[in-house]
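K.L.:
Next up, start_28.cif (mmCIF, C-alpha atoms).
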```cif
data_coords
#
loop_
_atom_site.label_atom_id
_atom_site.label_comp_id
_atom_site.auth_asym_id
_atom_site.auth_seq_id
_atom_site.Cartn_x
_atom_site.Cartn_y
_atom_site.Cartn_z
CA MET K 1 10.28 14.99 11.61
CA SER K 2 10.01 14.01 15.24
CA ARG K 3 12.25 11.25 16.58
CA ARG K 4 9.97 10.44 19.50
CA GLU K 5 8.97 6.84 19.93
CA LEU K 6 5.36 6.03 19.25
CA PRO K 7 3.52 3.58 21.47
CA VAL K 8 3.08 0.07 20.14
CA LEU K 9 -0.61 -0.66 20.21
CA GLY K 10 -2.01 -4.01 21.14
CA PRO K 11 -5.53 -5.41 20.82
CA GLY K 12 -8.22 -2.83 21.34
CA GLY K 13 -5.85 0.03 20.48
CA ARG K 14 -4.26 0.06 23.94
CA ALA K 15 -0.58 0.56 24.56
CA PRO K 16 1.00 -2.27 26.56
CA GLY K 17 0.54 -1.68 30.27
CA HIS K 18 -2.61 0.36 29.66
CA GLY K 19 -5.47 -2.07 30.03
CA LYS K 20 -5.73 -5.81 29.60
CA GLU K 21 -2.60 -7.47 28.24
CA ALA K 22 -2.95 -9.85 25.31
CA GLU K 23 -3.11 -13.53 26.10
CA PRO K 24 -0.33 -15.70 24.57
CA ASP K 25 -2.83 -17.33 22.18
CA ASP K 26 -4.73 -14.12 21.33
CA PRO K 27 -5.63 -14.31 17.61
CA LEU K 28 -5.70 -10.50 17.36
CA GLU K 29 -2.13 -10.02 18.56
CA LEU K 30 -0.13 -8.54 15.69
CA VAL K 31 2.77 -10.80 14.76
CA GLY K 32 5.05 -10.29 11.78
CA VAL K 33 7.10 -13.13 10.37
CA PRO K 34 9.39 -13.20 7.35
CA VAL K 35 8.24 -15.46 4.57
CA PRO K 36 10.68 -16.72 1.95
CA ALA K 37 9.52 -15.89 -1.57
CA ASP K 38 10.78 -16.67 -5.03
CA GLU K 39 10.62 -14.09 -7.81
CA ALA K 40 7.19 -15.16 -9.08
CA THR K 41 5.71 -14.94 -5.58
CA PHE K 42 7.37 -11.58 -5.01
CA ASP K 43 5.94 -10.19 -8.27
CA GLU K 44 2.47 -11.51 -7.49
CA MET K 45 2.59 -9.88 -4.04
CA ALA K 46 3.54 -6.60 -5.73
CA ARG K 47 0.64 -6.91 -8.19
CA CYS K 48 -1.81 -7.58 -5.35
CA LEU K 49 -0.66 -4.48 -3.48
CA ILE K 50 -0.91 -2.35 -6.62
CA GLU K 51 -4.37 -3.73 -7.37
CA GLU K 52 -5.61 -2.85 -3.91
CA TYR K 53 -4.58 0.80 -4.22
CA VAL K 54 -5.78 1.15 -7.83
CA ARG K 55 -9.19 -0.30 -6.98
CA ASP K 56 -9.35 2.02 -3.98
CA GLY K 57 -9.09 5.01 -6.34
CA TRP K 58 -5.51 6.19 -5.74
CA SER K 59 -3.85 8.30 -8.43
CA ASP K 60 -0.62 7.12 -10.04
CA GLU K 61 1.40 9.89 -8.42
CA ARG K 62 -0.01 9.20 -4.96
CA LEU K 63 0.63 5.46 -5.33
CA LEU K 64 4.15 5.97 -6.71
CA SER K 65 4.96 8.22 -3.76
CA LEU K 66 4.31 5.25 -1.44
CA PHE K 67 6.68 3.07 -3.45
CA ARG K 68 9.39 5.74 -3.30
CA SER K 69 9.07 6.20 0.47
CA PRO K 70 11.28 3.98 2.66
CA PHE K 71 8.64 4.31 5.40
CA TYR K 72 6.44 1.89 3.41
CA ALA K 73 8.88 -1.02 3.55
CA GLY K 74 6.86 -3.57 1.59
CA LEU K 75 6.26 -1.23 -1.33
CA HIS K 76 9.71 0.33 -1.17
CA VAL K 77 11.51 -3.01 -1.49
CA ILE K 78 9.51 -3.64 -4.67
CA TRP K 79 10.60 -0.21 -5.95
CA ARG K 80 14.24 -0.94 -5.18
CA LEU K 81 14.31 -4.47 -6.61
CA ARG K 82 12.12 -4.00 -9.69
CA GLY K 83 12.66 -0.31 -10.44
CA PRO K 84 10.33 2.58 -11.27
CA ASP K 85 9.64 1.44 -14.86
CA TRP K 86 8.44 -2.00 -13.72
CA VAL K 87 6.22 -0.47 -11.01
CA ALA K 88 4.73 2.09 -13.42
CA GLY K 89 4.12 -0.68 -15.96
CA GLU K 90 2.32 -2.83 -13.40
CA ILE K 91 0.17 0.11 -12.32
CA ALA K 92 -0.78 0.75 -15.97
CA ALA K 93 -1.53 -2.95 -16.55
CA THR K 94 -3.70 -3.07 -13.43
CA ARG K 95 -5.60 0.02 -14.54
CA ARG K 96 -6.30 -1.57 -17.93
CA ARG K 97 -7.32 -4.90 -16.36
CA TRP K 98 -9.77 -3.26 -13.94
CA ARG K 99 -10.76 -0.42 -16.29
CA ARG K 100 -9.79 2.11 -13.64
CA PRO K 101 -8.14 5.16 -15.22
CA ASP K 102 -5.82 7.36 -13.18
CA PRO K 103 -8.26 9.70 -11.38
CA SER K 104 -5.88 12.63 -11.75
CA ALA K 105 -5.83 12.18 -15.54
CA VAL K 106 -9.58 11.98 -16.04
CA GLU K 107 -11.26 15.20 -17.07
CA ALA K 108 -14.17 16.36 -14.96
CA PRO K 109 -17.48 16.22 -16.85
CA LYS K 110 -18.49 19.57 -18.33
CA SER K 111 -21.56 21.09 -16.76
CA ARG K 112 -24.57 21.76 -18.95
CA GLY K 113 -24.75 25.22 -20.36
CA ALA K 114 -20.99 25.74 -20.21
CA ALA K 115 -19.48 26.93 -23.44
#
```
Can I see the file as structure tokens?
P.N.:
Amino acid sequence: MSRRELPVLGPGGRAPGHGKEAEPDDPLELVGVPVPADEATFDEMARCLIEEYVRDGWSDERLLSLFRSPFYAGLHVIWRLRGPDWVAGEIAATRRRWRRPDPSAVEAPKSRGAA
């Protein structure tokens, strides 16, 4: 893996210093702030993230790989604090709730005339 620094993109996909700089009150300027959360809020955030990926058609293995990766900080902290069994259980519950089976576990329909 390369250790080179990637440019931080601003509004319009431009790196700072390459085009118009963002105004101080620009609503499109990306700003991250920590938000205190209790356990119930934390769990609900986790469920919302899981729901988004399940409804988008991700397989369990693909989704779990995001949780295991420290490069996806939001998902990885859920993995570390709640554990793999909790995450897998929430994925299964979300699939049942939305009637979205794991795409990698669903058999492809048999074509007509196949024996």
K.L.:
Once the PyMOL selection byres ((chain K and resi 42) around 12) has been applied to the shown file, what residues remain in the selection, as JSON, numbers by chain?
P.N.:
{"K": [35, 36, 37, 38, 39, 40, 41, 43, 44, 45, 46, 47, 48, 49, 74, 75, 77, 78, 79, 81, 82]}
K.L.:
Do a neighbour search on segment 60-72 of chain K at 10 Å with only C-alpha atoms, toss out local chain neighbours closer than 4 positions, and write the hits as an NGL selection string.
P.N.:
:K and (50 or 53-54 or 76-80 or 83-84 or 87-88 or 91-92 or 95 or 101-105)
K.L.:
So how many Å separate atom CA of Trp58 of chain K and atom CA of Trp98 of chain K, to one decimal?
P.N.:
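Atom-to-atom, atom CA of Trp58 of chain K to atom CA of Trp98 of chain K, that is 13.2 Å.
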K.L.:
Each side padded by 4 Å, which centre and which edge lengths in Å (one decimal) define the axis-aligned box around the listed atoms of segment 69-76 of chain K? Give them as JSON.
P.N.:
```
{"center_x": 8.8, "center_y": 1.3, "center_z": 2.0, "size_x": 13.0, "size_y": 17.8, "size_z": 14.7}
```
K.L.:
What's the separation between atom CA of Ala93 of chain K and atom CA of Ala73 of chain K, in Å to one decimal place?
P.N.:
22.7 Å
K.L.:
Rounded to one decimal in Å, what is the spacing between atom CA of Glu52 of chain K and atom CA of Pro34 of chain K?
P.N.:
21.4 Å
